[in-house]
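entry_2.txt (compact mmCIF, N, CA and C atoms)
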# COMPACT_ATOMS: atom_id res chain seq x y z
N ALA A 1 -31.72 -7.85 -0.85
CA ALA A 1 -30.90 -7.01 -1.71
C ALA A 1 -30.22 -5.90 -0.95
N GLN A 2 -30.82 -5.48 0.16
CA GLN A 2 -30.21 -4.40 0.94
C GLN A 2 -28.87 -4.85 1.52
N GLY A 3 -28.76 -6.13 1.93
CA GLY A 3 -27.50 -6.64 2.44
C GLY A 3 -26.40 -6.58 1.38
N VAL A 4 -26.76 -6.91 0.15
CA VAL A 4 -25.80 -6.85 -0.95
C VAL A 4 -25.37 -5.40 -1.19
N GLY A 5 -26.33 -4.47 -1.14
CA GLY A 5 -26.01 -3.06 -1.32
C GLY A 5 -25.06 -2.55 -0.25
N ALA A 6 -25.29 -2.95 1.00
CA ALA A 6 -24.41 -2.54 2.09
C ALA A 6 -23.00 -3.10 1.91
N LEU A 7 -22.93 -4.36 1.50
CA LEU A 7 -21.63 -4.98 1.25
C LEU A 7 -20.91 -4.28 0.11
N MET A 8 -21.63 -3.99 -0.96
CA MET A 8 -21.02 -3.30 -2.09
C MET A 8 -20.54 -1.90 -1.66
N GLY A 9 -21.35 -1.22 -0.85
CA GLY A 9 -20.95 0.10 -0.35
C GLY A 9 -19.66 0.03 0.44
N HIS A 10 -19.54 -0.98 1.29
CA HIS A 10 -18.32 -1.16 2.09
C HIS A 10 -17.12 -1.43 1.19
N GLU A 11 -17.29 -2.31 0.21
CA GLU A 11 -16.20 -2.64 -0.70
C GLU A 11 -15.79 -1.44 -1.54
N MET A 12 -16.75 -0.67 -2.02
CA MET A 12 -16.44 0.49 -2.85
C MET A 12 -15.78 1.60 -2.02
N HIS A 13 -16.14 1.69 -0.74
CA HIS A 13 -15.49 2.66 0.13
C HIS A 13 -14.00 2.31 0.26
N ALA A 14 -13.71 1.03 0.46
CA ALA A 14 -12.32 0.59 0.56
C ALA A 14 -11.57 0.83 -0.74
N LEU A 15 -12.20 0.48 -1.86
CA LEU A 15 -11.57 0.69 -3.18
C LEU A 15 -11.31 2.17 -3.42
N LYS A 16 -12.28 3.02 -3.07
CA LYS A 16 -12.13 4.47 -3.26
C LYS A 16 -10.91 4.98 -2.49
N GLY A 17 -10.75 4.52 -1.25
CA GLY A 17 -9.61 4.96 -0.44
C GLY A 17 -8.27 4.52 -0.99
N VAL A 18 -8.17 3.27 -1.37
CA VAL A 18 -6.90 2.75 -1.90
C VAL A 18 -6.58 3.40 -3.24
N ALA A 19 -7.57 3.51 -4.10
CA ALA A 19 -7.35 4.13 -5.41
C ALA A 19 -6.92 5.59 -5.24
N GLY A 20 -7.56 6.29 -4.32
CA GLY A 20 -7.19 7.68 -4.07
C GLY A 20 -5.76 7.82 -3.57
N MET A 21 -5.35 6.92 -2.65
CA MET A 21 -3.98 6.97 -2.12
C MET A 21 -2.95 6.70 -3.19
N LEU A 22 -3.32 5.89 -4.18
CA LEU A 22 -2.37 5.53 -5.24
C LEU A 22 -2.47 6.43 -6.46
N GLY A 23 -3.32 7.44 -6.38
CA GLY A 23 -3.42 8.40 -7.48
C GLY A 23 -4.29 7.96 -8.64
N ALA A 24 -5.07 6.90 -8.46
CA ALA A 24 -5.98 6.44 -9.51
C ALA A 24 -7.31 7.20 -9.33
N SER A 25 -7.27 8.48 -9.66
CA SER A 25 -8.40 9.36 -9.34
C SER A 25 -9.69 9.00 -10.07
N ALA A 26 -9.60 8.57 -11.32
CA ALA A 26 -10.82 8.19 -12.05
C ALA A 26 -11.48 6.99 -11.40
N LEU A 27 -10.67 6.01 -11.03
CA LEU A 27 -11.19 4.82 -10.35
C LEU A 27 -11.78 5.20 -8.99
N ALA A 28 -11.12 6.09 -8.26
CA ALA A 28 -11.62 6.54 -6.96
C ALA A 28 -12.96 7.25 -7.10
N ARG A 29 -13.10 8.08 -8.13
CA ARG A 29 -14.38 8.79 -8.36
C ARG A 29 -15.50 7.81 -8.66
N GLN A 30 -15.24 6.83 -9.51
CA GLN A 30 -16.26 5.85 -9.86
C GLN A 30 -16.64 4.99 -8.65
N ALA A 31 -15.65 4.57 -7.89
CA ALA A 31 -15.94 3.77 -6.69
C ALA A 31 -16.75 4.61 -5.69
N GLY A 32 -16.43 5.90 -5.57
CA GLY A 32 -17.19 6.79 -4.69
C GLY A 32 -18.63 6.93 -5.14
N ALA A 33 -18.84 7.01 -6.43
CA ALA A 33 -20.21 7.12 -6.96
C ALA A 33 -21.00 5.85 -6.66
N ILE A 34 -20.36 4.70 -6.82
CA ILE A 34 -21.03 3.44 -6.51
C ILE A 34 -21.32 3.36 -5.01
N GLU A 35 -20.34 3.74 -4.20
CA GLU A 35 -20.54 3.72 -2.75
C GLU A 35 -21.74 4.59 -2.37
N GLN A 36 -21.80 5.78 -2.93
CA GLN A 36 -22.88 6.71 -2.63
C GLN A 36 -24.23 6.14 -3.05
N SER A 37 -24.26 5.47 -4.18
CA SER A 37 -25.53 4.92 -4.67
C SER A 37 -26.05 3.80 -3.78
N THR A 38 -25.18 3.16 -3.02
CA THR A 38 -25.63 2.07 -2.15
C THR A 38 -26.36 2.60 -0.93
N GLN A 39 -26.28 3.90 -0.68
CA GLN A 39 -27.01 4.49 0.45
C GLN A 39 -28.51 4.35 0.23
N THR A 40 -28.94 4.44 -1.01
CA THR A 40 -30.34 4.22 -1.39
C THR A 40 -30.33 3.22 -2.54
N PRO A 41 -30.31 1.93 -2.21
CA PRO A 41 -30.15 0.90 -3.23
C PRO A 41 -31.18 0.99 -4.37
N ASP A 42 -30.68 0.92 -5.55
CA ASP A 42 -31.49 0.91 -6.77
C ASP A 42 -30.70 0.02 -7.74
N ALA A 43 -31.20 -1.17 -7.99
CA ALA A 43 -30.46 -2.15 -8.78
C ALA A 43 -30.04 -1.62 -10.14
N ASP A 44 -30.92 -0.87 -10.81
CA ASP A 44 -30.58 -0.34 -12.13
C ASP A 44 -29.43 0.66 -12.05
N ARG A 45 -29.45 1.51 -11.03
CA ARG A 45 -28.39 2.51 -10.86
C ARG A 45 -27.06 1.82 -10.54
N LEU A 46 -27.08 0.80 -9.68
CA LEU A 46 -25.85 0.09 -9.35
C LEU A 46 -25.27 -0.59 -10.58
N THR A 47 -26.12 -1.17 -11.39
CA THR A 47 -25.66 -1.81 -12.63
C THR A 47 -25.02 -0.78 -13.55
N ALA A 48 -25.64 0.36 -13.68
CA ALA A 48 -25.11 1.42 -14.55
C ALA A 48 -23.76 1.92 -14.03
N LEU A 49 -23.62 2.05 -12.73
CA LEU A 49 -22.35 2.53 -12.17
C LEU A 49 -21.24 1.50 -12.33
N ARG A 50 -21.58 0.23 -12.20
CA ARG A 50 -20.57 -0.80 -12.43
C ARG A 50 -20.12 -0.78 -13.89
N GLN A 51 -21.04 -0.49 -14.82
CA GLN A 51 -20.68 -0.37 -16.23
C GLN A 51 -19.72 0.80 -16.43
N GLN A 52 -19.90 1.88 -15.69
CA GLN A 52 -19.00 3.04 -15.79
C GLN A 52 -17.63 2.72 -15.21
N LEU A 53 -17.58 1.87 -14.21
CA LEU A 53 -16.32 1.49 -13.57
C LEU A 53 -15.48 0.60 -14.49
N ARG A 54 -16.12 -0.17 -15.32
CA ARG A 54 -15.43 -1.15 -16.19
C ARG A 54 -14.35 -0.54 -17.07
N PRO A 55 -14.58 0.58 -17.80
CA PRO A 55 -13.50 1.13 -18.64
C PRO A 55 -12.28 1.57 -17.82
N GLU A 56 -12.49 1.97 -16.57
CA GLU A 56 -11.36 2.38 -15.72
C GLU A 56 -10.57 1.17 -15.23
N SER A 57 -11.07 -0.02 -15.52
CA SER A 57 -10.44 -1.27 -15.09
C SER A 57 -10.03 -2.10 -16.30
N TRP A 58 -9.51 -1.44 -17.32
CA TRP A 58 -9.04 -2.07 -18.55
C TRP A 58 -10.15 -2.91 -19.21
N ASN A 59 -11.37 -2.47 -19.05
CA ASN A 59 -12.54 -3.10 -19.68
C ASN A 59 -12.68 -4.59 -19.36
N GLN A 60 -12.29 -4.97 -18.16
CA GLN A 60 -12.39 -6.38 -17.76
C GLN A 60 -13.83 -6.73 -17.42
N ARG A 61 -14.33 -7.82 -17.98
CA ARG A 61 -15.70 -8.27 -17.76
C ARG A 61 -15.99 -8.56 -16.29
N GLN A 62 -14.99 -8.99 -15.54
CA GLN A 62 -15.20 -9.35 -14.15
C GLN A 62 -15.80 -8.21 -13.32
N ILE A 63 -15.48 -6.98 -13.69
CA ILE A 63 -15.97 -5.82 -12.95
C ILE A 63 -17.49 -5.80 -12.92
N THR A 64 -18.11 -6.17 -14.02
CA THR A 64 -19.57 -6.13 -14.10
C THR A 64 -20.22 -7.49 -13.90
N ASP A 65 -19.49 -8.57 -14.12
CA ASP A 65 -20.09 -9.90 -14.08
C ASP A 65 -19.93 -10.64 -12.77
N CYS A 66 -18.97 -10.28 -11.95
CA CYS A 66 -18.69 -11.07 -10.75
C CYS A 66 -19.64 -10.73 -9.59
N SER A 67 -19.73 -11.66 -8.66
CA SER A 67 -20.53 -11.42 -7.47
C SER A 67 -19.70 -10.75 -6.38
N HIS A 68 -18.39 -10.97 -6.37
CA HIS A 68 -17.47 -10.36 -5.41
C HIS A 68 -16.25 -9.86 -6.19
N LEU A 69 -15.67 -8.79 -5.72
CA LEU A 69 -14.57 -8.17 -6.44
C LEU A 69 -13.43 -7.86 -5.48
N VAL A 70 -12.24 -8.36 -5.80
CA VAL A 70 -11.03 -8.05 -5.03
C VAL A 70 -10.12 -7.27 -5.96
N VAL A 71 -9.61 -6.14 -5.49
CA VAL A 71 -8.79 -5.27 -6.32
C VAL A 71 -7.41 -5.13 -5.70
N PHE A 72 -6.38 -5.38 -6.48
CA PHE A 72 -5.01 -5.15 -6.08
C PHE A 72 -4.48 -3.99 -6.89
N LEU A 73 -3.86 -3.03 -6.23
CA LEU A 73 -3.31 -1.86 -6.92
C LEU A 73 -1.82 -1.78 -6.65
N VAL A 74 -1.09 -1.29 -7.61
CA VAL A 74 0.35 -1.12 -7.48
C VAL A 74 0.68 0.33 -7.75
N GLN A 75 1.44 0.92 -6.83
CA GLN A 75 1.89 2.29 -7.05
C GLN A 75 3.16 2.23 -7.86
N ARG A 76 3.16 2.89 -9.00
CA ARG A 76 4.30 2.80 -9.92
C ARG A 76 5.29 3.93 -9.74
N GLN A 77 4.93 4.93 -8.98
CA GLN A 77 5.84 6.06 -8.80
C GLN A 77 6.09 6.24 -7.30
N ILE A 78 7.35 6.26 -6.92
CA ILE A 78 7.71 6.49 -5.52
C ILE A 78 8.05 7.97 -5.38
N VAL A 79 7.40 8.61 -4.44
CA VAL A 79 7.60 10.04 -4.22
C VAL A 79 8.57 10.22 -3.05
N VAL A 80 9.49 11.16 -3.16
CA VAL A 80 10.45 11.44 -2.10
C VAL A 80 9.69 11.74 -0.82
N GLY A 81 10.10 11.14 0.27
CA GLY A 81 9.44 11.34 1.55
C GLY A 81 8.40 10.27 1.85
N MET A 82 8.01 9.50 0.85
CA MET A 82 6.98 8.48 1.04
C MET A 82 7.49 7.36 1.95
N THR A 83 8.80 7.10 1.91
CA THR A 83 9.36 6.00 2.69
C THR A 83 10.01 6.49 3.98
N ALA A 84 9.71 7.70 4.40
CA ALA A 84 10.38 8.34 5.53
C ALA A 84 10.51 7.43 6.75
N GLY A 85 9.45 6.82 7.23
CA GLY A 85 9.53 5.99 8.42
C GLY A 85 9.92 4.56 8.15
N ALA A 86 9.95 4.15 6.90
CA ALA A 86 10.19 2.76 6.57
C ALA A 86 11.66 2.41 6.33
N VAL A 87 12.48 3.38 6.02
CA VAL A 87 13.88 3.12 5.69
C VAL A 87 14.78 3.65 6.80
N LYS A 88 15.64 2.77 7.32
CA LYS A 88 16.59 3.17 8.36
C LYS A 88 17.92 3.50 7.72
N SER A 89 18.62 4.50 8.28
CA SER A 89 19.93 4.88 7.72
C SER A 89 20.96 3.85 8.04
Is it possible to give me this structure as structure tokens?
Amino acid sequence: AQGVGALMGHEMHALKGVAGMLGASALARQAGAIEQSTQTPDADRLTALRQQLRPESWNQRQITDCSHLVVFLVQRQIVVGMTAGAVKS
């Protein structure tokens, strides 16, 4: 179970970073809480945290029922200066 906890911690760390960059602060906070809980694995606590993450994910069952989770995020607002190095004149 410790291997699963470490994997979940790694995945939640990545999700926390991407969600934070895209302004999904509630999702980033929940992913951070799950990541932190994997430092001292406790199956009941991890289950409870995944339940808290579910409402931030449009209440999709996959968040709590799946063995692996892949998250795609889309930034809906482009901020001036965000494309500074990407666009050539």
### Task
Compile the contact shell of A:Ala28 as a PyMOL selection string: residues with an atom at most 6 Å away, counting only N, CA and C atoms, same-chain residues fewer than 4 positions apart removed.
chain A and resi 15-16+19-20+24+32-33
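From atom N of A:Leu7 back to atom C of A:Leu53, the distance works out to 18.3 Å.
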### Task
Using only N, CA and C atoms, find all polymer residues with an atom at most 8 Å away from the point (-20.6, 3.6, -12.0); report them as a list in words.
Arg29, Gln30, Ala31, Gly32, Ala33, Ile34, Glu35, Arg45, Leu46, Thr47, Ala48, Leu49, Arg50, Gln51, Gln52, Leu53 and Arg54 of chain A
Could those selected residues go to a file with N, CA and C atoms, as a PDB file, in the coordinates of the input?
ATOM      1  N   ARG A  29     -13.100   8.080  -8.130  1.00  0.00           N
ATOM      2  CA  ARG A  29     -14.380   8.790  -8.360  1.00  0.00           C
ATOM      3  C   ARG A  29     -15.500   7.810  -8.660  1.00  0.00           C
ATOM      4  N   GLN A  30     -15.240   6.830  -9.510  1.00  0.00           N
ATOM      5  CA  GLN A  30     -16.260   5.850  -9.860  1.00  0.00           C
ATOM      6  C   GLN A  30     -16.640   4.990  -8.650  1.00  0.00           C
ATOM      7  N   ALA A  31     -15.650   4.570  -7.890  1.00  0.00           N
ATOM      8  CA  ALA A  31     -15.940   3.770  -6.690  1.00  0.00           C
ATOM      9  C   ALA A  31     -16.750   4.610  -5.690  1.00  0.00           C
ATOM     10  N   GLY A  32     -16.430   5.900  -5.570  1.00  0.00           N
ATOM     11  CA  GLY A  32     -17.190   6.790  -4.690  1.00  0.00           C
ATOM     12  C   GLY A  32     -18.630   6.930  -5.140  1.00  0.00           C
ATOM     13  N   ALA A  33     -18.840   7.010  -6.430  1.00  0.00           N
ATOM     14  CA  ALA A  33     -20.210   7.120  -6.960  1.00  0.00           C
ATOM     15  C   ALA A  33     -21.000   5.850  -6.660  1.00  0.00           C
ATOM     16  N   ILE A  34     -20.360   4.700  -6.820  1.00  0.00           N
ATOM     17  CA  ILE A  34     -21.030   3.440  -6.510  1.00  0.00           C
ATOM     18  C   ILE A  34     -21.320   3.360  -5.010  1.00  0.00           C
ATOM     19  N   GLU A  35     -20.340   3.740  -4.200  1.00  0.00           N
ATOM     20  CA  GLU A  35     -20.540   3.720  -2.750  1.00  0.00           C
ATOM     21  C   GLU A  35     -21.740   4.590  -2.370  1.00  0.00           C
ATOM     22  N   ARG A  45     -29.450   1.510 -11.030  1.00  0.00           N
ATOM     23  CA  ARG A  45     -28.390   2.510 -10.860  1.00  0.00           C
ATOM     24  C   ARG A  45     -27.060   1.820 -10.540  1.00  0.00           C
ATOM     25  N   LEU A  46     -27.080   0.800  -9.680  1.00  0.00           N
ATOM     26  CA  LEU A  46     -25.850   0.090  -9.350  1.00  0.00           C
ATOM     27  C   LEU A  46     -25.270  -0.590 -10.580  1.00  0.00           C
ATOM     28  N   THR A  47     -26.120  -1.170 -11.390  1.00  0.00           N
ATOM     29  CA  THR A  47     -25.660  -1.810 -12.630  1.00  0.00           C
ATOM     30  C   THR A  47     -25.020  -0.780 -13.550  1.00  0.00           C
ATOM     31  N   ALA A  48     -25.640   0.360 -13.680  1.00  0.00           N
ATOM     32  CA  ALA A  48     -25.110   1.420 -14.550  1.00  0.00           C
ATOM     33  C   ALA A  48     -23.760   1.920 -14.030  1.00  0.00           C
ATOM     34  N   LEU A  49     -23.620   2.050 -12.730  1.00  0.00           N
ATOM     35  CA  LEU A  49     -22.350   2.530 -12.170  1.00  0.00           C
ATOM     36  C   LEU A  49     -21.240   1.500 -12.330  1.00  0.00           C
ATOM     37  N   ARG A  50     -21.580   0.230 -12.200  1.00  0.00           N
ATOM     38  CA  ARG A  50     -20.570  -0.800 -12.430  1.00  0.00           C
ATOM     39  C   ARG A  50     -20.120  -0.780 -13.890  1.00  0.00           C
ATOM     40  N   GLN A  51     -21.040  -0.490 -14.820  1.00  0.00           N
ATOM     41  CA  GLN A  51     -20.680  -0.370 -16.230  1.00  0.00           C
ATOM     42  C   GLN A  51     -19.720   0.800 -16.430  1.00  0.00           C
ATOM     43  N   GLN A  52     -19.900   1.880 -15.690  1.00  0.00           N
ATOM     44  CA  GLN A  52     -19.000   3.040 -15.790  1.00  0.00           C
ATOM     45  C   GLN A  52     -17.630   2.720 -15.210  1.00  0.00           C
ATOM     46  N   LEU A  53     -17.580   1.870 -14.210  1.00  0.00           N
ATOM     47  CA  LEU A  53     -16.320   1.490 -13.570  1.00  0.00           C
ATOM     48  C   LEU A  53     -15.480   0.600 -14.490  1.00  0.00           C
ATOM     49  N   ARG A  54     -16.120  -0.170 -15.320  1.00  0.00           N
ATOM     50  CA  ARG A  54     -15.430  -1.150 -16.190  1.00  0.00           C
ATOM     51  C   ARG A  54     -14.350  -0.540 -17.070  1.00  0.00           C
TER      52      ARG A  54
END
### Message
Using Å and a single decimal, report how far atom CA of A:Trp58 sits from atom N of A:Gln39.
### Response
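Result for atom N of A:Gln39 versus atom CA of A:Trp58: 25.5 Å, one decimal.
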#### Entry: atom CA of A:Glu11 to atom CA of A:Leu27, straight-line distance in Å
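These two atoms are separated by 13.2 Å.
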For stretch 25-36 of chain A, where the input has fewer atoms than it should, I would like all heavy atoms rebuilt and written as a PDB file, in the coordinates of the input.
ATOM      1  N   SER A  25      -7.270   8.480  -9.660  1.00  0.00           N
ATOM      2  CA  SER A  25      -8.400   9.360  -9.340  1.00  0.00           C
ATOM      3  C   SER A  25      -9.690   9.000 -10.070  1.00  0.00           C
ATOM      4  O   SER A  25     -10.777   9.106  -9.499  1.00  0.00           O
ATOM      5  CB  SER A  25      -8.030  10.821  -9.564  1.00  0.00           C
ATOM      6  OG  SER A  25      -7.585  11.016 -10.885  1.00  0.00           O
ATOM      7  N   ALA A  26      -9.600   8.570 -11.320  1.00  0.00           N
ATOM      8  CA  ALA A  26     -10.820   8.190 -12.050  1.00  0.00           C
ATOM      9  C   ALA A  26     -11.480   6.990 -11.400  1.00  0.00           C
ATOM     10  O   ALA A  26     -12.695   6.948 -11.210  1.00  0.00           O
ATOM     11  CB  ALA A  26     -10.504   7.916 -13.516  1.00  0.00           C
ATOM     12  N   LEU A  27     -10.670   6.010 -11.030  1.00  0.00           N
ATOM     13  CA  LEU A  27     -11.190   4.820 -10.350  1.00  0.00           C
ATOM     14  C   LEU A  27     -11.780   5.200  -8.990  1.00  0.00           C
ATOM     15  O   LEU A  27     -12.844   4.716  -8.615  1.00  0.00           O
ATOM     16  CB  LEU A  27     -10.082   3.783 -10.190  1.00  0.00           C
ATOM     17  CG  LEU A  27     -10.461   2.463  -9.518  1.00  0.00           C
ATOM     18  CD1 LEU A  27     -11.582   1.764 -10.280  1.00  0.00           C
ATOM     19  CD2 LEU A  27      -9.237   1.566  -9.413  1.00  0.00           C
ATOM     20  N   ALA A  28     -11.120   6.090  -8.260  1.00  0.00           N
ATOM     21  CA  ALA A  28     -11.620   6.540  -6.960  1.00  0.00           C
ATOM     22  C   ALA A  28     -12.960   7.250  -7.100  1.00  0.00           C
ATOM     23  O   ALA A  28     -13.879   7.028  -6.305  1.00  0.00           O
ATOM     24  CB  ALA A  28     -10.594   7.454  -6.285  1.00  0.00           C
ATOM     25  N   ARG A  29     -13.100   8.080  -8.130  1.00  0.00           N
ATOM     26  CA  ARG A  29     -14.380   8.790  -8.360  1.00  0.00           C
ATOM     27  C   ARG A  29     -15.500   7.810  -8.660  1.00  0.00           C
ATOM     28  O   ARG A  29     -16.607   7.928  -8.128  1.00  0.00           O
ATOM     29  CB  ARG A  29     -14.249   9.790  -9.511  1.00  0.00           C
ATOM     30  CG  ARG A  29     -13.609  11.105  -9.123  1.00  0.00           C
ATOM     31  CD  ARG A  29     -13.783  12.160 -10.222  1.00  0.00           C
ATOM     32  NE  ARG A  29     -13.275  11.731 -11.517  1.00  0.00           N
ATOM     33  CZ  ARG A  29     -11.993  11.798 -11.892  1.00  0.00           C
ATOM     34  NH1 ARG A  29     -11.101  12.296 -11.066  1.00  0.00           N
ATOM     35  NH2 ARG A  29     -11.618  11.394 -13.090  1.00  0.00           N
ATOM     36  N   GLN A  30     -15.240   6.830  -9.510  1.00  0.00           N
ATOM     37  CA  GLN A  30     -16.260   5.850  -9.860  1.00  0.00           C
ATOM     38  C   GLN A  30     -16.640   4.990  -8.650  1.00  0.00           C
ATOM     39  O   GLN A  30     -17.820   4.733  -8.417  1.00  0.00           O
ATOM     40  CB  GLN A  30     -15.793   4.958 -11.010  1.00  0.00           C
ATOM     41  CG  GLN A  30     -15.663   5.678 -12.314  1.00  0.00           C
ATOM     42  CD  GLN A  30     -16.979   6.243 -12.805  1.00  0.00           C
ATOM     43  OE1 GLN A  30     -18.034   5.692 -12.568  1.00  0.00           O
ATOM     44  NE2 GLN A  30     -16.921   7.363 -13.487  1.00  0.00           N
ATOM     45  N   ALA A  31     -15.650   4.570  -7.890  1.00  0.00           N
ATOM     46  CA  ALA A  31     -15.940   3.770  -6.690  1.00  0.00           C
ATOM     47  C   ALA A  31     -16.750   4.610  -5.690  1.00  0.00           C
ATOM     48  O   ALA A  31     -17.666   4.092  -5.047  1.00  0.00           O
ATOM     49  CB  ALA A  31     -14.635   3.291  -6.048  1.00  0.00           C
ATOM     50  N   GLY A  32     -16.430   5.900  -5.570  1.00  0.00           N
ATOM     51  CA  GLY A  32     -17.190   6.790  -4.690  1.00  0.00           C
ATOM     52  C   GLY A  32     -18.630   6.930  -5.140  1.00  0.00           C
ATOM     53  O   GLY A  32     -19.553   6.960  -4.322  1.00  0.00           O
ATOM     54  N   ALA A  33     -18.840   7.010  -6.430  1.00  0.00           N
ATOM     55  CA  ALA A  33     -20.210   7.120  -6.960  1.00  0.00           C
ATOM     56  C   ALA A  33     -21.000   5.850  -6.660  1.00  0.00           C
ATOM     57  O   ALA A  33     -22.168   5.916  -6.281  1.00  0.00           O
ATOM     58  CB  ALA A  33     -20.176   7.389  -8.465  1.00  0.00           C
ATOM     59  N   ILE A  34     -20.360   4.700  -6.820  1.00  0.00           N
ATOM     60  CA  ILE A  34     -21.030   3.440  -6.510  1.00  0.00           C
ATOM     61  C   ILE A  34     -21.320   3.360  -5.010  1.00  0.00           C
ATOM     62  O   ILE A  34     -22.419   2.985  -4.602  1.00  0.00           O
ATOM     63  CB  ILE A  34     -20.209   2.235  -6.987  1.00  0.00           C
ATOM     64  CG1 ILE A  34     -20.120   2.227  -8.511  1.00  0.00           C
ATOM     65  CG2 ILE A  34     -20.819   0.929  -6.473  1.00  0.00           C
ATOM     66  CD1 ILE A  34     -19.163   1.198  -9.074  1.00  0.00           C
ATOM     67  N   GLU A  35     -20.340   3.740  -4.200  1.00  0.00           N
ATOM     68  CA  GLU A  35     -20.540   3.720  -2.750  1.00  0.00           C
ATOM     69  C   GLU A  35     -21.740   4.590  -2.370  1.00  0.00           C
ATOM     70  O   GLU A  35     -22.597   4.181  -1.597  1.00  0.00           O
ATOM     71  CB  GLU A  35     -19.290   4.227  -2.035  1.00  0.00           C
ATOM     72  CG  GLU A  35     -19.469   4.353  -0.530  1.00  0.00           C
ATOM     73  CD  GLU A  35     -18.382   5.156   0.145  1.00  0.00           C
ATOM     74  OE1 GLU A  35     -17.586   5.827  -0.545  1.00  0.00           O
ATOM     75  OE2 GLU A  35     -18.348   5.122   1.374  1.00  0.00           O
ATOM     76  N   GLN A  36     -21.800   5.780  -2.930  1.00  0.00           N
ATOM     77  CA  GLN A  36     -22.880   6.710  -2.630  1.00  0.00           C
ATOM     78  C   GLN A  36     -24.230   6.140  -3.050  1.00  0.00           C
ATOM     79  O   GLN A  36     -25.224   6.282  -2.344  1.00  0.00           O
ATOM     80  CB  GLN A  36     -22.628   8.043  -3.329  1.00  0.00           C
ATOM     81  CG  GLN A  36     -23.172   9.230  -2.612  1.00  0.00           C
ATOM     82  CD  GLN A  36     -22.651  10.502  -3.244  1.00  0.00           C
ATOM     83  OE1 GLN A  36     -22.511  10.597  -4.468  1.00  0.00           O
ATOM     84  NE2 GLN A  36     -22.366  11.489  -2.415  1.00  0.00           N
TER      85      GLN A  36
END
